[in-house]
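Participant: Next comes final22.cif, mmCIF, C-alpha atoms and all ligand atoms:
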data_data
loop_
_atom_site.label_atom_id
_atom_site.label_comp_id
_atom_site.auth_asym_id
_atom_site.auth_seq_id
_atom_site.Cartn_x
_atom_site.Cartn_y
_atom_site.Cartn_z
CA MET A 1 -19.59 40.07 -20.37
CA SER A 2 -17.41 42.51 -18.40
CA ASP A 3 -14.02 43.43 -19.90
CA THR A 4 -12.42 43.67 -16.47
CA PRO A 5 -10.93 40.32 -15.50
CA ILE A 6 -12.06 38.76 -12.21
CA ARG A 7 -8.48 39.03 -10.91
CA SER A 8 -5.73 41.44 -11.82
CA LYS A 9 -2.72 40.23 -13.80
CA ASP A 10 -0.34 40.73 -10.88
CA ASN A 11 -2.67 38.61 -8.73
CA PHE A 12 -2.80 35.66 -11.18
CA LEU A 13 -4.07 32.56 -9.38
CA VAL A 14 -1.43 29.92 -10.12
CA PHE A 15 -2.85 26.42 -10.60
CA GLY A 16 -1.50 23.91 -8.08
CA SER A 17 0.45 26.35 -5.92
CA PRO A 18 1.14 24.51 -2.64
CA ALA A 19 0.48 25.64 0.93
CA ILE A 20 3.89 26.07 2.59
CA GLU A 21 4.12 27.15 6.21
CA GLU A 22 6.79 28.42 8.59
CA ALA A 23 7.56 25.01 10.11
CA GLU A 24 8.88 23.54 6.84
CA ILE A 25 10.77 26.75 6.04
CA GLU A 26 12.50 26.58 9.42
CA GLU A 27 13.22 22.86 9.04
CA VAL A 28 14.80 23.39 5.60
CA VAL A 29 16.90 26.25 6.97
CA ALA A 30 17.96 24.01 9.88
CA SER A 31 19.03 21.32 7.36
CA LEU A 32 21.03 23.88 5.42
CA ARG A 33 22.68 25.24 8.57
CA SER A 34 23.52 21.72 9.76
CA GLY A 35 25.35 21.04 6.50
CA TRP A 36 23.50 17.70 6.27
CA LEU A 37 21.62 18.10 3.00
CA GLY A 38 21.58 14.59 1.63
CA THR A 39 19.83 11.40 2.69
CA GLY A 40 19.87 11.16 6.46
CA PRO A 41 17.76 11.22 9.62
CA LYS A 42 15.02 13.42 8.21
CA VAL A 43 14.41 10.99 5.35
CA ALA A 44 14.24 8.13 7.89
CA ARG A 45 11.72 10.09 9.95
CA PHE A 46 9.60 10.96 6.92
CA GLU A 47 9.55 7.30 5.88
CA GLU A 48 8.46 6.26 9.36
CA ASP A 49 5.80 8.99 9.60
CA PHE A 50 4.39 8.03 6.21
CA ARG A 51 4.52 4.31 6.96
CA ARG A 52 2.46 4.92 10.10
CA TYR A 53 0.06 7.27 8.34
CA ARG A 54 -0.82 4.61 5.78
CA GLY A 55 -0.44 1.68 8.20
CA ALA A 56 2.05 0.07 5.81
CA ASP A 57 4.67 -2.54 6.65
CA TYR A 58 7.60 -0.85 4.88
CA ALA A 59 8.12 2.57 3.31
CA VAL A 60 11.06 3.66 1.15
CA ALA A 61 11.36 7.32 0.16
CA VAL A 62 12.77 8.17 -3.27
CA ASN A 63 13.06 11.33 -5.33
CA SER A 64 9.84 10.98 -7.36
CA CYS A 65 6.79 8.83 -7.91
CA THR A 66 8.22 8.02 -11.32
CA ALA A 67 11.24 6.49 -9.55
CA ALA A 68 8.91 4.70 -7.11
CA LEU A 69 6.99 3.14 -10.01
CA HIS A 70 10.15 2.21 -11.90
CA LEU A 71 11.74 0.50 -8.89
CA SER A 72 8.50 -1.26 -7.91
CA LEU A 73 8.22 -2.71 -11.41
CA LEU A 74 11.84 -3.89 -11.22
CA ALA A 75 11.34 -5.32 -7.72
CA ALA A 76 8.28 -7.17 -9.07
CA GLY A 77 10.76 -9.15 -11.17
CA LEU A 78 9.30 -8.30 -14.56
CA GLU A 79 11.13 -9.64 -17.58
CA ALA A 80 11.53 -8.15 -21.03
CA GLY A 81 8.30 -8.47 -22.96
CA ASP A 82 6.09 -8.93 -19.89
CA GLU A 83 2.89 -6.95 -20.20
CA VAL A 84 1.59 -4.46 -17.62
CA ILE A 85 -1.98 -3.20 -17.91
CA THR A 86 -2.62 0.44 -17.03
CA THR A 87 -5.01 3.28 -17.79
CA PRO A 88 -4.90 5.74 -20.69
CA MET A 89 -6.17 8.45 -18.30
CA THR A 90 -2.91 9.10 -16.49
CA PHE A 91 0.27 11.15 -16.54
CA CYS A 92 2.88 9.84 -18.98
CA ALA A 93 5.13 8.80 -16.05
CA SER A 94 2.93 5.75 -15.28
CA VAL A 95 3.50 4.44 -18.81
CA ASN A 96 7.13 5.52 -19.12
CA ALA A 97 8.01 3.63 -15.92
CA ILE A 98 6.65 0.42 -17.45
CA ILE A 99 8.73 1.01 -20.59
CA HIS A 100 11.90 1.77 -18.57
CA ALA A 101 11.39 -1.46 -16.61
CA GLY A 102 11.67 -3.29 -19.95
CA ALA A 103 8.01 -4.30 -19.99
CA VAL A 104 5.24 -3.60 -22.49
CA PRO A 105 2.44 -1.22 -21.46
CA VAL A 106 -1.10 -2.27 -22.35
CA MET A 107 -4.01 0.18 -22.12
CA ALA A 108 -7.42 -0.67 -20.65
CA ASP A 109 -10.09 2.03 -21.04
CA ILE A 110 -11.67 3.87 -18.12
CA GLU A 111 -15.21 3.91 -16.73
CA PRO A 112 -16.72 7.18 -17.95
CA GLY A 113 -18.17 8.26 -14.57
CA THR A 114 -15.28 7.54 -12.22
CA MET A 115 -12.55 8.07 -14.86
CA ASN A 116 -10.74 5.10 -13.29
CA ILE A 117 -9.57 1.96 -15.08
CA ASP A 118 -12.47 -0.37 -15.90
CA PRO A 119 -11.92 -3.85 -14.40
CA ALA A 120 -13.90 -5.45 -17.27
CA GLU A 121 -11.52 -3.78 -19.76
CA VAL A 122 -8.54 -5.04 -17.75
CA GLU A 123 -9.88 -8.57 -17.98
CA ARG A 124 -10.38 -8.16 -21.74
CA ARG A 125 -6.71 -7.11 -22.21
CA ILE A 126 -5.14 -10.02 -20.33
CA THR A 127 -2.87 -12.27 -22.41
CA PRO A 128 -0.46 -15.08 -21.47
CA ARG A 129 2.25 -12.34 -21.17
CA THR A 130 0.35 -10.20 -18.64
CA ARG A 131 2.24 -9.96 -15.36
CA ALA A 132 0.94 -6.89 -13.56
CA ILE A 133 -1.83 -4.32 -13.23
CA LEU A 134 -0.93 -0.69 -12.59
CA PRO A 135 -4.12 1.17 -11.62
CA VAL A 136 -4.12 4.92 -11.01
CA HIS A 137 -6.52 6.35 -8.41
CA PHE A 138 -7.42 9.22 -10.68
CA ALA A 139 -7.95 12.62 -9.03
CA GLY A 140 -7.82 10.86 -5.66
CA ARG A 141 -10.90 8.72 -6.25
CA PRO A 142 -10.20 5.06 -5.48
CA CYS A 143 -10.38 2.52 -8.29
CA ASN A 144 -12.76 -0.44 -7.97
CA MET A 145 -10.20 -2.40 -5.96
CA ASP A 146 -12.55 -5.30 -5.13
CA ALA A 147 -12.88 -6.10 -8.81
CA LEU A 148 -9.24 -5.35 -9.69
CA CYS A 149 -7.88 -7.49 -6.83
CA GLU A 150 -10.23 -10.30 -7.86
CA VAL A 151 -8.92 -10.18 -11.45
CA ALA A 152 -5.30 -9.95 -10.23
CA GLY A 153 -5.80 -12.89 -7.85
CA ARG A 154 -7.46 -15.10 -10.46
CA HIS A 155 -4.69 -14.46 -13.02
CA GLY A 156 -1.75 -14.35 -10.60
CA LEU A 157 -0.88 -10.73 -11.42
CA VAL A 158 1.22 -8.32 -9.38
CA MET A 159 -0.62 -5.14 -8.31
CA ILE A 160 1.32 -1.85 -8.38
CA GLU A 161 -0.91 1.08 -7.40
CA ASP A 162 -0.09 4.53 -8.72
CA CYS A 163 -1.15 6.64 -5.72
CA ALA A 164 0.27 9.93 -7.02
CA HIS A 165 -3.19 11.50 -6.47
CA ALA A 166 -4.20 9.29 -3.58
CA ILE A 167 -2.28 10.06 -0.39
CA GLU A 168 -5.46 10.15 1.75
CA THR A 169 -7.57 7.81 -0.39
CA GLU A 170 -9.30 4.78 1.14
CA TYR A 171 -11.47 2.06 -0.31
CA HIS A 172 -13.70 -0.13 1.86
CA GLY A 173 -11.55 0.66 4.89
CA THR A 174 -8.15 0.02 3.30
CA PRO A 175 -5.79 2.88 2.42
CA ALA A 176 -4.74 3.20 -1.21
CA GLY A 177 -1.31 1.69 -1.75
CA ARG A 178 -1.95 -1.34 0.44
CA PHE A 179 -4.06 -3.49 -1.89
CA GLY A 180 -1.25 -5.04 -3.81
CA GLU A 181 2.47 -5.60 -3.61
CA PHE A 182 3.46 -1.95 -4.13
CA GLY A 183 1.91 1.50 -3.62
CA CYS A 184 3.71 4.50 -5.17
CA PHE A 185 3.18 8.07 -3.96
CA SER A 186 4.21 11.50 -5.28
CA PHE A 187 5.20 14.61 -3.33
CA TYR A 188 5.66 16.79 -6.42
CA VAL A 189 4.85 20.51 -5.86
CA THR A 190 1.22 20.28 -6.93
CA LYS A 191 0.40 17.20 -4.85
CA ASN A 192 -1.55 16.98 -1.57
CA VAL A 193 1.66 16.60 0.48
CA ILE A 194 4.79 18.05 -1.07
CA THR A 195 8.54 17.75 -0.77
CA GLY A 196 9.29 19.70 -3.96
CA GLU A 197 10.23 16.60 -5.90
CA GLY A 198 9.74 13.34 -4.06
CA GLY A 199 8.15 9.93 -3.98
CA LEU A 200 7.76 6.87 -1.83
CA VAL A 201 6.98 3.16 -2.12
CA VAL A 202 4.99 1.23 0.46
CA THR A 203 5.20 -2.54 0.40
CA ARG A 204 4.46 -5.47 2.69
CA GLU A 205 7.58 -7.40 1.64
CA GLU A 206 10.76 -6.72 3.58
CA ALA A 207 12.89 -8.14 0.76
CA ALA A 208 11.19 -5.91 -1.82
CA ALA A 209 11.73 -2.83 0.36
CA ALA A 210 15.41 -3.74 0.76
CA ARG A 211 15.82 -4.25 -3.01
CA ILE A 212 14.17 -0.91 -3.75
CA LYS A 213 16.47 0.79 -1.27
CA VAL A 214 19.53 -0.72 -2.94
CA LEU A 215 18.30 0.12 -6.45
CA ALA A 216 17.55 3.71 -5.38
CA LEU A 217 21.19 4.28 -4.49
CA HIS A 218 23.30 3.02 -7.39
CA GLY A 219 22.77 -0.65 -6.46
CA MET A 220 25.13 -0.25 -3.54
CA SER A 221 24.74 -2.78 -0.73
CA LYS A 222 22.41 -1.96 2.15
CA ASP A 223 25.22 -0.67 4.32
CA ALA A 224 25.88 2.12 1.82
CA TRP A 225 23.05 4.10 3.41
CA LYS A 226 25.20 4.22 6.54
CA ARG A 227 27.60 6.39 4.56
CA PHE A 228 25.15 9.10 5.48
CA SER A 229 25.37 8.48 9.22
CA ASP A 230 28.04 9.36 11.73
CA GLU A 231 28.77 5.73 12.63
CA GLY A 232 32.21 5.82 11.09
CA PHE A 233 33.56 4.85 7.70
CA VAL A 234 31.62 2.13 5.91
CA HIS A 235 32.74 0.22 2.83
CA TYR A 236 30.05 -0.83 0.39
CA GLN A 237 29.70 -3.28 -2.45
CA VAL A 238 27.78 -2.69 -5.67
CA THR A 239 25.42 -5.62 -5.98
CA GLU A 240 23.68 -4.55 -9.21
CA PRO A 241 23.64 -1.46 -11.43
CA GLY A 242 21.13 0.84 -9.73
CA PHE A 243 19.88 4.38 -10.06
CA LYS A 244 20.26 7.74 -8.31
CA TYR A 245 16.79 7.97 -6.89
CA ASN A 246 17.35 8.74 -3.19
CA MET A 247 15.43 11.47 -1.37
CA MET A 248 17.39 14.27 0.34
CA ASP A 249 16.95 15.48 3.92
CA ILE A 250 16.08 18.93 2.53
CA GLN A 251 13.11 17.35 0.77
CA ALA A 252 12.10 15.30 3.80
CA ALA A 253 12.35 18.45 5.95
CA ILE A 254 9.44 19.86 3.95
CA GLY A 255 7.55 16.56 3.89
CA ILE A 256 7.61 15.93 7.65
CA HIS A 257 5.64 19.12 8.36
CA GLN A 258 3.41 18.77 5.34
CA LEU A 259 2.44 15.26 6.40
CA ALA A 260 1.60 16.48 9.90
CA ARG A 261 -1.02 18.73 8.24
CA VAL A 262 -2.33 16.17 5.76
CA GLU A 263 -5.77 15.89 7.37
CA THR A 264 -6.17 19.66 7.85
CA TYR A 265 -5.39 20.20 4.19
CA TRP A 266 -7.72 17.35 3.16
CA LYS A 267 -10.60 18.96 5.09
CA ARG A 268 -9.92 22.29 3.42
CA ARG A 269 -10.04 20.68 -0.04
CA GLU A 270 -13.20 18.80 0.90
CA ALA A 271 -14.83 22.15 1.79
CA ILE A 272 -13.67 23.65 -1.55
CA TRP A 273 -15.00 20.58 -3.41
CA LYS A 274 -18.43 21.07 -1.81
CA ARG A 275 -18.51 24.77 -2.67
CA TYR A 276 -17.61 24.05 -6.30
CA GLN A 277 -20.20 21.29 -6.55
CA GLU A 278 -22.94 23.61 -5.29
CA ALA A 279 -21.84 26.61 -7.31
CA PHE A 280 -21.54 24.75 -10.62
CA ALA A 281 -24.64 22.55 -10.28
CA GLY A 282 -26.67 24.60 -12.77
CA LEU A 283 -23.92 25.07 -15.39
CA PRO A 284 -23.92 23.21 -18.74
CA VAL A 285 -20.88 21.07 -17.83
CA THR A 286 -20.38 17.65 -16.23
CA LEU A 287 -19.30 17.83 -12.59
CA PRO A 288 -17.05 15.19 -11.00
CA ALA A 289 -18.94 12.25 -9.51
CA ASP A 290 -19.44 12.48 -5.76
CA PRO A 291 -17.41 10.03 -3.63
CA GLU A 292 -18.85 6.52 -3.36
CA PRO A 293 -20.05 5.19 0.02
CA ASP A 294 -17.43 3.46 2.16
CA THR A 295 -14.59 5.19 0.32
CA ARG A 296 -12.49 8.23 0.96
CA HIS A 297 -11.71 10.50 -1.97
CA GLY A 298 -8.24 12.02 -1.81
CA TYR A 299 -9.58 15.27 -3.38
CA HIS A 300 -6.47 15.86 -5.45
CA LEU A 301 -8.08 17.24 -8.62
CA TYR A 302 -11.40 18.97 -9.18
CA THR A 303 -12.28 18.50 -12.85
CA LEU A 304 -15.13 19.67 -15.08
CA LEU A 305 -15.98 18.18 -18.46
CA VAL A 306 -16.65 20.87 -21.05
CA ASP A 307 -18.55 19.49 -24.04
CA GLU A 308 -18.72 22.18 -26.73
CA ASP A 309 -22.16 21.03 -27.91
CA THR A 310 -23.78 21.71 -24.54
CA ALA A 311 -21.41 24.28 -23.01
CA GLY A 312 -21.30 26.55 -26.06
CA VAL A 313 -17.53 26.82 -25.65
CA SER A 314 -14.81 24.30 -26.47
CA ARG A 315 -12.53 22.92 -23.79
CA ASP A 316 -9.61 24.93 -25.15
CA GLY A 317 -11.88 27.98 -25.40
CA PHE A 318 -12.71 27.51 -21.73
CA LEU A 319 -9.00 27.32 -20.87
CA SER A 320 -8.28 30.57 -22.74
CA GLY A 321 -11.33 32.19 -21.15
CA ILE A 322 -10.43 31.30 -17.58
CA GLN A 323 -6.80 32.27 -18.18
CA ALA A 324 -8.04 35.67 -19.38
CA GLN A 325 -9.66 36.07 -15.96
CA ASN A 326 -6.14 35.56 -14.52
CA ILE A 327 -7.10 32.21 -13.08
CA GLY A 328 -4.85 29.24 -13.90
CA ALA A 329 -6.30 25.85 -14.88
CA GLY A 330 -4.88 22.49 -15.92
CA VAL A 331 -5.61 19.50 -18.16
CA HIS A 332 -5.34 16.08 -16.53
CA TYR A 333 -4.88 14.51 -18.99
CA LEU A 334 -4.95 14.19 -22.75
CA SER A 335 -5.37 10.43 -23.02
CA ILE A 336 -2.08 8.57 -23.45
CA PRO A 337 -2.77 7.42 -27.05
CA GLU A 338 -3.11 11.07 -28.13
CA HIS A 339 0.69 11.41 -27.83
CA ASP A 340 2.67 10.70 -31.00
CA TYR A 341 5.32 8.61 -29.30
CA TYR A 342 2.91 6.03 -27.91
CA ARG A 343 0.82 6.01 -31.07
CA ASP A 344 3.88 5.45 -33.26
CA THR A 345 5.52 2.91 -30.94
CA PHE A 346 2.54 0.81 -29.89
CA GLY A 347 0.06 1.51 -32.68
CA TRP A 348 -2.54 2.79 -30.21
CA THR A 349 -5.28 5.12 -31.38
CA PRO A 350 -7.32 7.40 -29.12
CA GLU A 351 -10.52 6.00 -30.65
CA ALA A 352 -9.72 2.51 -29.31
CA TYR A 353 -10.14 3.95 -25.78
CA PRO A 354 -13.22 6.12 -26.33
CA ASN A 355 -13.98 6.97 -22.70
CA ALA A 356 -10.45 8.18 -22.01
CA MET A 357 -10.39 10.03 -25.34
CA ARG A 358 -13.60 11.92 -24.54
CA VAL A 359 -12.53 12.82 -21.00
CA GLY A 360 -9.08 13.88 -22.23
CA ARG A 361 -10.60 16.19 -24.84
CA GLN A 362 -13.16 17.77 -22.48
CA THR A 363 -11.49 17.92 -19.07
CA VAL A 364 -10.29 20.99 -17.18
CA SER A 365 -8.86 21.04 -13.65
CA LEU A 366 -9.65 24.06 -11.50
CA PRO A 367 -7.43 25.46 -8.72
CA PHE A 368 -7.93 23.14 -5.74
CA SER A 369 -5.00 23.66 -3.38
CA ALA A 370 -5.51 23.90 0.38
CA LYS A 371 -3.74 27.24 0.04
CA LEU A 372 -6.81 28.84 -1.60
CA THR A 373 -8.55 31.46 0.52
CA ASP A 374 -12.34 31.81 0.49
CA ALA A 375 -11.85 34.88 -1.70
CA ASP A 376 -9.77 32.81 -4.17
CA VAL A 377 -12.52 30.20 -4.31
CA ASP A 378 -15.09 32.97 -4.95
CA ASP A 379 -12.92 34.21 -7.82
CA VAL A 380 -12.68 30.74 -9.38
CA ILE A 381 -16.46 30.34 -9.15
CA ALA A 382 -17.04 33.79 -10.65
CA GLY A 383 -14.49 33.06 -13.40
CA VAL A 384 -16.08 29.74 -14.36
CA CYS A 385 -19.58 31.25 -14.34
CA ARG A 386 -18.40 34.11 -16.52
CA VAL A 387 -16.70 31.87 -19.09
CA LEU A 388 -19.62 29.45 -19.26
CA GLY A 389 -22.48 31.83 -18.74
CA GLY A 390 -21.14 35.07 -20.14
CA VAL A 391 -21.89 36.90 -16.85
C1 LIG B 1 -0.83 9.77 -11.95
C2 LIG B 1 0.61 10.16 -11.82
N1 LIG B 1 1.55 9.20 -11.80
C3 LIG B 1 2.84 9.49 -11.66
C4 LIG B 1 3.28 10.78 -11.53
C5 LIG B 1 4.73 11.07 -11.41
O1 LIG B 1 5.01 11.69 -10.20
P1 LIG B 1 6.43 12.42 -9.96
O2 LIG B 1 6.32 13.77 -10.58
O3 LIG B 1 6.55 12.47 -8.47
O4 LIG B 1 7.46 11.57 -10.59
C6 LIG B 1 2.35 11.81 -11.53
C7 LIG B 1 2.81 13.21 -11.39
O5 LIG B 1 2.23 14.17 -11.71
C8 LIG B 1 0.98 11.51 -11.69
O6 LIG B 1 0.05 12.47 -11.68
#
Please express what this file holds, its structure, as structure tokens.
Ligand SMILES: Cc1ncc(COP(=O)(O)O)c(C=O)c1O
Facilitator:
Amino acid sequence: MSDTPIRSKDNFLVFGSPAIEEAEIEEVVASLRSGWLGTGPKVARFEEDFRRYRGADYAVAVNSCTAALHLSLLAAGLEAGDEVITTPMTFCASVNAIIHAGAVPVMADIEPGTMNIDPAEVERRITPRTRAILPVHFAGRPCNMDALCEVAGRHGLVMIEDCAHAIETEYHGTPAGRFGEFGCFSFYVTKNVITGEGGLVVTREEAAAARIKVLALHGMSKDAWKRFSDEGFVHYQVTEPGFKYNMMDIQAAIGIHQLARVETYWKRREAIWKRYQEAFAGLPVTLPADPEPDTRHGYHLYTLLVDEDTAGVSRDGFLSGIQAQNIGAGVHYLSIPEHDYYRDTFGWTPEAYPNAMRVGRQTVSLPFSAKLTDADVDDVIAGVCRVLGGV
């Protein structure tokens, strides 16, 4: 194996670096020059653009997907001790939001091929205290929403979709986020559409959207949002103790132009996905499953499973190896029960969720941003082949 890394150190390929273009730079500068930095007309426009993009009834922008999940769970009217079933193959925020809403998270293992929550496992975990299901469309691949909606309908459960990876995802003709009561999106820097930090809830209930809006701004009455307009002085009432979760115009300034390019970026990632699938077909690793018919994959993460027994290198060995080629990679995710806090608090063990445990211990995410040039993609392919094949 050559000693010269595929890329030089000063050309390190950062994992998840977003594509940012002149239009959003100019819009942010215009926001700064206007002096209107906080929540205002650009947030309203971003909400409306996103609502239309997903064909949703209502859209409320907030400052993260974590906030979107938290407020959706509160708007669902959960009470202390209510149980919410989610997946162990997710970012900790999905589980933390359930805890912060005063509810009890319950894990249901994933299907090994799709890495999405297994509807049969959901059914198995339902108790008289179960109130909601919180599926995550992992990597942008839609969950089995026919089965999950059927289970939710039969047991009278609220559906809150974690669409952090699933901005463009569709399942049997319906966009992710519109299957249940709430769909929560992320615009964090590594996501498919970015605002820096940012999130948004779509919902079909006007009252729920209004409640989320109030909770996102300290619990101040609806009119408080007019504080940010030029319609004159507005008094407000605090109707309940809320949070500081509102999105700023500076963030929306980025998001408006990013969203206008969502399909262009999706097509670029689709092309990268296809190149990776072809290039890695002969390697001793498990490739991500191809999209299912009548669905649209959001192409948020491209993940390989590295099993030491067949690959000849451990997952962590692969990570060190690819890093040594000056190519960044990620892990999405160690399964939730691997973390001490959840293990100690809920008594979960990784072994009780064997599919998520195995994926979490073998998975690596390769650079997959629309920003990648063809030459970057060539470097990633060469780096992976070198680490796995010693070439
Ligand atoms: C599956 C999932 N849910 C929730 C979140 C939280 O998103 P945010 O960083 O916007 O709060 C993330 C972020 O990485 C995520 O990947």
Participant: Just the residues within 12 Å of Gly360 of chain A, please, counting only C-alpha atoms, with nothing from its chain fewer than 4 positions along; format it as a PDB file with C-alpha atoms, in the coordinates of the input.
Facilitator:
ATOM      1  CA  PRO A  88      -4.900   5.740 -20.690  1.00  0.00           C
ATOM      2  CA  MET A  89      -6.170   8.450 -18.300  1.00  0.00           C
ATOM      3  CA  THR A  90      -2.910   9.100 -16.490  1.00  0.00           C
ATOM      4  CA  PHE A  91       0.270  11.150 -16.540  1.00  0.00           C
ATOM      5  CA  ASP A 109     -10.090   2.030 -21.040  1.00  0.00           C
ATOM      6  CA  ILE A 110     -11.670   3.870 -18.120  1.00  0.00           C
ATOM      7  CA  PRO A 112     -16.720   7.180 -17.950  1.00  0.00           C
ATOM      8  CA  MET A 115     -12.550   8.070 -14.860  1.00  0.00           C
ATOM      9  CA  THR A 303     -12.280  18.500 -12.850  1.00  0.00           C
ATOM     10  CA  LEU A 304     -15.130  19.670 -15.080  1.00  0.00           C
ATOM     11  CA  LEU A 305     -15.980  18.180 -18.460  1.00  0.00           C
ATOM     12  CA  VAL A 306     -16.650  20.870 -21.050  1.00  0.00           C
ATOM     13  CA  ASP A 307     -18.550  19.490 -24.040  1.00  0.00           C
ATOM     14  CA  ARG A 315     -12.530  22.920 -23.790  1.00  0.00           C
ATOM     15  CA  ASP A 316      -9.610  24.930 -25.150  1.00  0.00           C
ATOM     16  CA  GLY A 330      -4.880  22.490 -15.920  1.00  0.00           C
ATOM     17  CA  VAL A 331      -5.610  19.500 -18.160  1.00  0.00           C
ATOM     18  CA  HIS A 332      -5.340  16.080 -16.530  1.00  0.00           C
ATOM     19  CA  TYR A 333      -4.880  14.510 -18.990  1.00  0.00           C
ATOM     20  CA  LEU A 334      -4.950  14.190 -22.750  1.00  0.00           C
ATOM     21  CA  SER A 335      -5.370  10.430 -23.020  1.00  0.00           C
ATOM     22  CA  ILE A 336      -2.080   8.570 -23.450  1.00  0.00           C
ATOM     23  CA  PRO A 337      -2.770   7.420 -27.050  1.00  0.00           C
ATOM     24  CA  GLU A 338      -3.110  11.070 -28.130  1.00  0.00           C
ATOM     25  CA  HIS A 339       0.690  11.410 -27.830  1.00  0.00           C
ATOM     26  CA  PRO A 350      -7.320   7.400 -29.120  1.00  0.00           C
ATOM     27  CA  GLU A 351     -10.520   6.000 -30.650  1.00  0.00           C
ATOM     28  CA  TYR A 353     -10.140   3.950 -25.780  1.00  0.00           C
ATOM     29  CA  PRO A 354     -13.220   6.120 -26.330  1.00  0.00           C
ATOM     30  CA  ASN A 355     -13.980   6.970 -22.700  1.00  0.00           C
ATOM     31  CA  ALA A 356     -10.450   8.180 -22.010  1.00  0.00           C
ATOM     32  CA  VAL A 364     -10.290  20.990 -17.180  1.00  0.00           C
ATOM     33  CA  SER A 365      -8.860  21.040 -13.650  1.00  0.00           C
TER      34      SER A 365
END
Participant: Counting only C-alpha atoms, which of A:Cys143, A:Cys149, A:Val136, A:Ser369 gets nearest to Asn192 of chain A?
Facilitator: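 Checking each of A:Cys143, A:Cys149, A:Val136, A:Ser369 against Asn192 of chain A, counting only C-alpha atoms, the winner is A:Ser369.
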Participant: List as number ranges by chain the residues having at least one atom at most 10 Å from position (-15.3, 33.4, -12.3) as given in the file, counting only C-alpha atoms.
Facilitator: A: 5-7, 321-322, 325-327, 376-391
Participant: So which residues are near ligand LIG 1 (chain B), meaning at most 8 Å away with all atoms listed in the file counted, given back as a PyMOL selection string?
Facilitator: chain A and resi 63-69+90-94+136-138+162-165+185-188+190-191+197-199
Participant: Find the distance between atom CA of Val122 of chain A and atom CA of Ile85 of chain A and write it in Å to one decimal.
Facilitator: 6.8 Å
Participant: Counting only C-alpha atoms, which of A:Leu217, A:Val202, A:Ile99, A:Val43 gets nearest to Gly55 of chain A?
Facilitator: A:Val202
Participant: Please, what distance in Å, to one decimal, runs between atom CA of Arg358 of chain A and atom CA of Pro293 of chain A?
Facilitator: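 Between these atoms lies a distance of 26.3 Å.
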Participant: Of the residues A:Ala108, A:Ala132, A:Ile254, A:Met145, which is the one nearest to Thr169 of chain A, using all atoms listed in the file?
Facilitator: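 Answer, going by the shortest atom-to-atom distance: A:Met145.
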Participant: Hey, what's within 12 Å of Pro18 of chain A if we count only C-alpha atoms and toss same-chain stuff fewer than 3 positions away? As a list in words, please?
Facilitator: Leu13, Val14, Phe15, Glu21, Phe187, Tyr188, Val189, Thr190, Lys191, Asn192, Val193, Ile194, Thr195, Gly196, Ile254, Gln258, Tyr265, His300, Pro367, Phe368, Ser369, Ala370, Lys371 and Leu372 of chain A
